[in-house]
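J.: Please find one structure pasted underneath; my questions will follow.
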Amino acid sequence: KKNSSVAGVSLLDNGKTLRFSYAGRFSSSTVSAASYEDVSCTLLVMKAPGLVSSQIDTTRALDGLQRAAWGKNSAFWTYHPENGLNITFNSK
């Protein structure tokens with residue numbers, strides 16, 4: 001429940017918010033970030049419906065900020081080929 005940040009993944013708001021920065025974009029010995037698999041695992045744990053995963057998978061840079069909500073959870077994200085996926089999950 002403590003706020004922390006490691007390799008582009010941040011836990012915020014005493015464990016209620018989880019943010020992935022640059023997911024899938026950077027993964028090297030000098031820069032590390034979460035993978036798309038990390039985001040997929042989070043979606044499974046949060047029991048996101050398939051529609052949410054599909055929305056995330058098909059987001060283009062032109063689409064801008066996207067949002068989804070299910071149960072007590074919500075997410076918002078952007079995607080750009082140069083920056084990867086930036087997504088934030090929140091649980092009420």
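Ligands are numbered from 1 in the order shown, residues from 1 within each chain, and chains are lettered A, B, ... in the order they appear in the structure tokens.
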For Arg67 of chain A, work out the shell of residues within 7 Å, counting only C-alpha atoms and skipping chain neighbours fewer than 4 positions away, then give it as a short mmCIF file (atom, residue, chain, number, x, y, z; two decimals) with N, CA, C and O atoms, in the first residue's frame.
T.:
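What follows is the written file part-v4.cif:
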data_model
loop_
_atom_site.label_atom_id
_atom_site.label_comp_id
_atom_site.auth_asym_id
_atom_site.auth_seq_id
_atom_site.Cartn_x
_atom_site.Cartn_y
_atom_site.Cartn_z
N ALA A 75 -9.71 2.56 -16.24
CA ALA A 75 -8.40 2.71 -16.86
C ALA A 75 -8.46 3.84 -17.87
O ALA A 75 -9.52 4.11 -18.44
N PHE A 76 -7.35 4.51 -18.06
CA PHE A 76 -7.22 5.44 -19.17
C PHE A 76 -5.83 5.28 -19.75
O PHE A 76 -4.89 4.91 -19.05
N TRP A 77 -5.72 5.47 -21.07
CA TRP A 77 -4.45 5.18 -21.74
C TRP A 77 -4.29 5.96 -23.03
O TRP A 77 -5.25 6.46 -23.59
#
J.: Would you list, as a list in words, the residues of chain A that end up in helix (DSSP H, G or I) under DSSP run on this structure's backbone?
T.: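 Filtering chain A down to helix (DSSP H, G or I) leaves Asp13, Asn14, Gly15, Tyr36, Glu37, Asp38, Val39, Ser40, Cys41, Thr42, Leu43, Leu44, Val45, Gly50, Leu51, Val52, Ser53, Ser54, Gln55, Ile56, Asp57, Ala61, Leu62 and Asp63 of chain A.
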J.: Calculated over only C-alpha atoms, which of the candidates A:Val6, A:Leu12, A:Ile87, A:Ala23 has the smallest distance to Glu37 of chain A?
T.: A:Ala23
J.: Kindly give the distance, in Å, that separates atom CA of Asn86 of chain A and atom CA of Asp38 of chain A, rounded to a single decimal.
T.: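 We find that atom CA of Asn86 of chain A and atom CA of Asp38 of chain A lie 12.3 Å from each other.
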J.: Run DSSP on the backbone and grab whatever in chain A lands in strand (DSSP E or B); send it over as number ranges by chain.
T.: A: 4-6, 9-12, 17-23, 27, 32, 66-70, 73-80, 84-91
J.: Give me, please, the distance in Å between atom CA of Lys16 of chain A and atom CA of Gly50 of chain A, quoted to one decimal.
T.: 22.0 Å
J.: So the first atom is atom CA of Asn90 of chain A and the second is atom CA of Leu18 of chain A; what is the distance between them in Å, to one decimal place?
T.: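 Calculated distance between atom CA of Asn90 of chain A and atom CA of Leu18 of chain A is 6.5 Å.
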J.: Find the spatial neighbours of Val39 of chain A, counting only C-alpha atoms, within a cut-off of 9 Å - ignore same-chain residues fewer than 3 positions away - and output them as a PDB file with C-alpha atoms, in the first residue's frame.
T.:
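So the final result, stored in selection-v7.pdb, reads:
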ATOM      1  CA  PHE A  20       2.561   1.832 -16.591  1.00  0.00           C
ATOM      2  CA  ALA A  23       4.988  -0.201 -21.735  1.00  0.00           C
ATOM      3  CA  ALA A  34       7.003  -2.801 -18.315  1.00  0.00           C
ATOM      4  CA  SER A  35       6.064  -5.161 -21.100  1.00  0.00           C
ATOM      5  CA  TYR A  36       2.712  -5.571 -22.805  1.00  0.00           C
ATOM      6  CA  THR A  42      -2.919  -6.662 -14.756  1.00  0.00           C
ATOM      7  CA  LEU A  43      -6.041  -6.754 -16.920  1.00  0.00           C
ATOM      8  CA  LEU A  44      -6.574 -10.412 -15.963  1.00  0.00           C
ATOM      9  CA  ILE A  87      -1.887   3.283 -19.085  1.00  0.00           C
TER      10      ILE A  87
END
J.: Find the residues near Trp70 of chain A: any atom within 8 Å, counting only C-alpha atoms, skip ones fewer than 3 places away on the same chain, and give them as a list in words.
T.: Ala48, Pro49, Asn73 and Ser74 of chain A
